[in-house]
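Student: Take a look at the following structure, please.
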Amino acid sequence: MKNPSIHSKEHLAYLRGVKRKNWLIGIARFAILFLLLMIWDLSAKHEWINPFITSSPSRIVETIKDLYKSGTLFHHVNTTLKETLRGFFIAVVLGYAVALALWWSEAARRISEPYLVVLNALPKIALGPLIIIWFGTGQKAIVFMTVLIGLIVAILNMLNGFMATDENKILLLKSMGANKLQILTKLVVPSSLPNFISMLKINVGMAWIGSIMGEYIVSKAGIGYLIVYGGQVFKLDLVMSAVVILCILAAAMYAVVALLEKLVIKNK
């Protein structure tokens with residue numbers, strides 16, 4: 001005996017329409033990108049724009065090929081990727097832990113709030129000379145810069161998520177005899193899951209900003225180093241190629257977080 005469909009014909013037609021619309025949006029995105037790249041490349045080839053200043057897609061591809069053939073492409077990519085991932089995970093874990101501690105202690109939260117606001121507004125690049133003195137000119141300084149930029153953002157986002165927990169639900173658990181740890185684990189943490197995913201998405205960008213900013217200040221390798229070096233010797237093809245590689249890596253990392261979000265929502 002065949003199981004009857006749990007969806008009506010109208011609902012199935014609606015789902016097909018949504019799926020078709022998503023496909024069309026995806027195709028439109030790639031079509032617009034392809035069209036812009038074609039216009040850019042043709043404009044550079046026919047010198048409607050100055051290719052020395054703007055480069056072009058074909059020149060960027062050739063530059064990336066040259067980096068690959070010279071054996072330096074993956075060295076620079078791996079250097080920046082390691083720095084970014086280390087800083088990202090440290091900032092996320094430490095920020096989450098600090099936010100939990102601040103939720104737990106109202107006194108600590110009220111004392112630290114103005115300091116968090118000031119640190120969040122502080123231009124981190126201004127601390128560059130101090131970071132070099134503290135950590136030297138190696139990868140530790142770059143990772144610290146990455147953590148510094150992402151940490152406060154992680155703390156503030158997660159703290160807002162924890163504090164946004166429904167007060168009525170907290171009172172209900174208290175009336176049932178739940179202690180503070182049980183309220184945290186059974187209600188506060190699960191209800192803040194959307195804020196956690198949002199914090200991850202924001203910190204993806206913050207991590208790349210921090211690592212590239214750190215490489216601007218002090219680096220001997222990495223994507224930021226290629227950008228700085230290309231600008232110093234007026235190899236703008238190299239600068240644009242490094243920016244394109246950076247965009248691809250950042251998009252891939254964001255896609256991983258977006259996939260995690262779908263898995264969390266699916267299993268929720």
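Convention: chains lettered A, B, ... in structure tokens order; per-chain residue numbering from 1; ligands numbered from 1 as shown.
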Just the residues within 8 Å of A:Ala242, please, counting only C-alpha atoms, with nothing from its chain fewer than 2 positions along; format it as a tab-separated table (two decimals) with C-alpha atoms, in the first residue's frame.
Tutor:
```
chain	number	residue	atom	x	y	z
A	223	ILE	CA	47.87	37.90	0.76
A	224	GLY	CA	48.24	41.21	2.61
A	226	LEU	CA	51.26	40.65	-1.82
A	227	ILE	CA	48.95	43.66	-1.78
A	238	LEU	CA	49.42	41.61	-8.45
A	239	VAL	CA	47.35	43.82	-6.14
A	240	MET	CA	44.11	43.01	-7.96
A	244	VAL	CA	40.43	38.45	-5.98
A	245	ILE	CA	42.05	35.56	-4.08
A	246	LEU	CA	41.03	37.21	-0.81
```
Student: Identify, on the basis of only C-alpha atoms, every residue whose closest approach to A:Cys247 does not exceed 12 Å; exclude the query and any residue fewer than 5 positions from it along the same chain; express the result as JSON, numbers by chain.
Tutor: {"A": [77, 204, 205, 208, 209, 212, 223, 240, 241, 242, 252, 253, 254]}
Student: Hey, can you spit out that residue selection with N, CA and C atoms as a compact mmCIF listing (two decimals), in the first residue's frame?
Tutor:
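Once written, selection-v2.txt looks like this:
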```txt
# COMPACT_ATOMS: atom_id res chain seq x y z
N VAL A 77 48.76 31.91 0.30
CA VAL A 77 47.39 31.60 0.69
C VAL A 77 47.35 30.85 2.02
N VAL A 204 33.55 36.21 10.49
CA VAL A 204 34.26 35.80 9.27
C VAL A 204 34.91 37.02 8.63
N GLY A 205 34.11 38.07 8.45
CA GLY A 205 34.65 39.31 7.88
C GLY A 205 35.68 39.96 8.78
N TRP A 208 39.13 38.18 8.54
CA TRP A 208 39.91 38.52 7.34
C TRP A 208 40.43 39.95 7.41
N ILE A 209 39.62 40.85 7.93
CA ILE A 209 40.09 42.23 8.11
C ILE A 209 41.30 42.26 9.04
N ILE A 212 44.54 40.60 7.35
CA ILE A 212 45.12 41.45 6.29
C ILE A 212 45.69 42.73 6.89
N ILE A 223 48.60 37.12 1.76
CA ILE A 223 47.87 37.90 0.76
C ILE A 223 48.05 39.40 1.01
N MET A 240 45.46 43.46 -7.62
CA MET A 240 44.11 43.01 -7.96
C MET A 240 43.97 41.50 -7.84
N SER A 241 45.01 40.77 -8.21
CA SER A 241 44.98 39.31 -8.10
C SER A 241 44.87 38.89 -6.64
N ALA A 242 45.62 39.56 -5.77
CA ALA A 242 45.56 39.24 -4.34
C ALA A 242 44.18 39.56 -3.78
N ALA A 252 34.35 31.54 0.53
CA ALA A 252 34.34 30.12 0.88
C ALA A 252 34.14 29.92 2.38
N MET A 253 34.80 30.74 3.18
CA MET A 253 34.66 30.63 4.63
C MET A 253 33.24 31.00 5.06
N TYR A 254 32.68 32.02 4.45
CA TYR A 254 31.30 32.41 4.75
C TYR A 254 30.33 31.31 4.33
```
Student: Neighbouring residues of A:Ala97 were defined as those with any atom within 12 Å, considering only C-alpha atoms; residues of the same chain fewer than 5 positions away were excluded. Please report them as a compact mmCIF listing (two decimals) with N, CA and C atoms, in the first residue's frame.
Tutor:
```
# COMPACT_ATOMS: atom_id res chain seq x y z
N ILE A 90 39.99 31.57 18.01
CA ILE A 90 40.32 32.11 19.33
C ILE A 90 39.32 33.19 19.72
N ALA A 91 39.01 34.09 18.79
CA ALA A 91 38.07 35.17 19.07
C ALA A 91 36.68 34.63 19.38
N VAL A 92 36.23 33.63 18.63
CA VAL A 92 34.89 33.06 18.84
C VAL A 92 34.80 32.36 20.19
N LEU A 102 29.87 37.25 31.67
CA LEU A 102 29.20 38.53 31.90
C LEU A 102 27.70 38.34 32.12
N TRP A 103 27.10 37.37 31.43
CA TRP A 103 25.69 37.08 31.68
C TRP A 103 25.51 36.53 33.10
N TRP A 104 26.45 35.71 33.53
CA TRP A 104 26.35 35.08 34.84
C TRP A 104 26.45 36.10 35.96
N LEU A 151 37.27 39.80 18.79
CA LEU A 151 36.89 39.43 20.16
C LEU A 151 35.75 40.28 20.70
N ILE A 152 35.87 41.60 20.63
CA ILE A 152 34.85 42.48 21.20
C ILE A 152 33.52 42.30 20.47
N ALA A 154 32.48 39.55 19.08
CA ALA A 154 31.92 38.28 19.54
C ALA A 154 31.28 38.43 20.92
N ILE A 155 31.96 39.14 21.80
CA ILE A 155 31.43 39.33 23.16
C ILE A 155 30.10 40.08 23.12
N LEU A 156 30.07 41.20 22.42
CA LEU A 156 28.86 42.03 22.39
C LEU A 156 27.69 41.31 21.73
N MET A 158 27.18 37.99 21.43
CA MET A 158 26.67 36.89 22.24
C MET A 158 26.02 37.38 23.52
N LEU A 159 26.55 38.43 24.12
CA LEU A 159 25.95 38.98 25.32
C LEU A 159 24.55 39.50 25.04
N PHE A 162 22.33 36.46 24.81
CA PHE A 162 22.02 35.89 26.12
C PHE A 162 20.99 36.76 26.86
N VAL A 189 21.40 29.29 26.49
CA VAL A 189 22.29 28.88 25.39
C VAL A 189 21.50 28.43 24.15
```
Student: Rank nothing, just name the residue among A:Phe52, A:Tyr216, A:Tyr14, A:Phe34 nearest to A:Pro129, using only C-alpha atoms.
Tutor: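 Among A:Phe52, A:Tyr216, A:Tyr14, A:Phe34, it is A:Tyr216 that comes nearest to A:Pro129.
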Student: Of the residues A:Ile27, A:Leu35, A:Ile53, A:Leu67, which is the one nearest to A:Asp237, using only C-alpha atoms?
Tutor: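 With only C-alpha atoms as the atom set, the closest residue is A:Ile53.
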Student: Return the single residue from A:Thr84, A:Ser175, A:Asn160, A:Gln182 that is closest to A:Ala207, with distances computed using only C-alpha atoms.
Tutor: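 Residue with the minimum atom-to-atom distance to A:Ala207: A:Thr84.
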Student: Show me, as an MDAnalysis selection string, the residues that have an atom within 6 Å of A:Val143 when counting only C-alpha atoms, minus same-chain residues fewer than 2 positions from it.
Tutor: chainID A and resid 83 87 140:141 145:146
Student: Could you work out how far atom CA of A:Leu259 lies from atom CA of A:Val153, giving the answer in Å with one decimal?
Tutor: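 Straight-line distance from atom CA of A:Val153 to atom CA of A:Leu259 works out to 21.7 Å.
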Student: Determine, counting only C-alpha atoms, which protein, DNA and RNA residues have an atom within 9 Å of an atom of A:Val257; residues of the same chain fewer than 6 positions away are not included. Present the result as a PDB file with N, CA and C atoms, in the first residue's frame.
Tutor:
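Written file, selection-v9.pdb:
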```pdb
ATOM      1  N   ILE A 197      25.099  32.029  15.354  1.00  0.00           N
ATOM      2  CA  ILE A 197      25.324  31.923  13.910  1.00  0.00           C
ATOM      3  C   ILE A 197      25.594  33.297  13.312  1.00  0.00           C
ATOM      4  N   LEU A 200      29.083  34.322  14.127  1.00  0.00           N
ATOM      5  CA  LEU A 200      30.050  33.635  13.265  1.00  0.00           C
ATOM      6  C   LEU A 200      30.154  34.331  11.907  1.00  0.00           C
ATOM      7  N   LYS A 201      29.009  34.687  11.348  1.00  0.00           N
ATOM      8  CA  LYS A 201      29.007  35.352  10.041  1.00  0.00           C
ATOM      9  C   LYS A 201      29.752  36.682  10.105  1.00  0.00           C
ATOM     10  N   VAL A 204      33.550  36.209  10.486  1.00  0.00           N
ATOM     11  CA  VAL A 204      34.263  35.796   9.271  1.00  0.00           C
ATOM     12  C   VAL A 204      34.905  37.016   8.627  1.00  0.00           C
TER      13      VAL A 204
END
```
Student: May I ask which of the residues A:Leu15, A:Val188, A:Val256, A:Val233 is the closest one to A:Glu167, counting only C-alpha atoms?
Tutor: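 Of A:Leu15, A:Val188, A:Val256, A:Val233, the one nearest A:Glu167 is A:Val188, counting only C-alpha atoms.
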Student: Point out the residue among A:Val264, A:Leu236, A:Leu173, A:Ile248 with the least atom-to-atom distance to A:Ser56, counting only C-alpha atoms.
Tutor: A:Leu236
Student: Choose the residue, out of A:Leu249, A:Gly210, A:Lys220, A:Ala99, that has the smallest atom-to-atom separation from A:Ser192; count only C-alpha atoms.
Tutor: A:Ala99
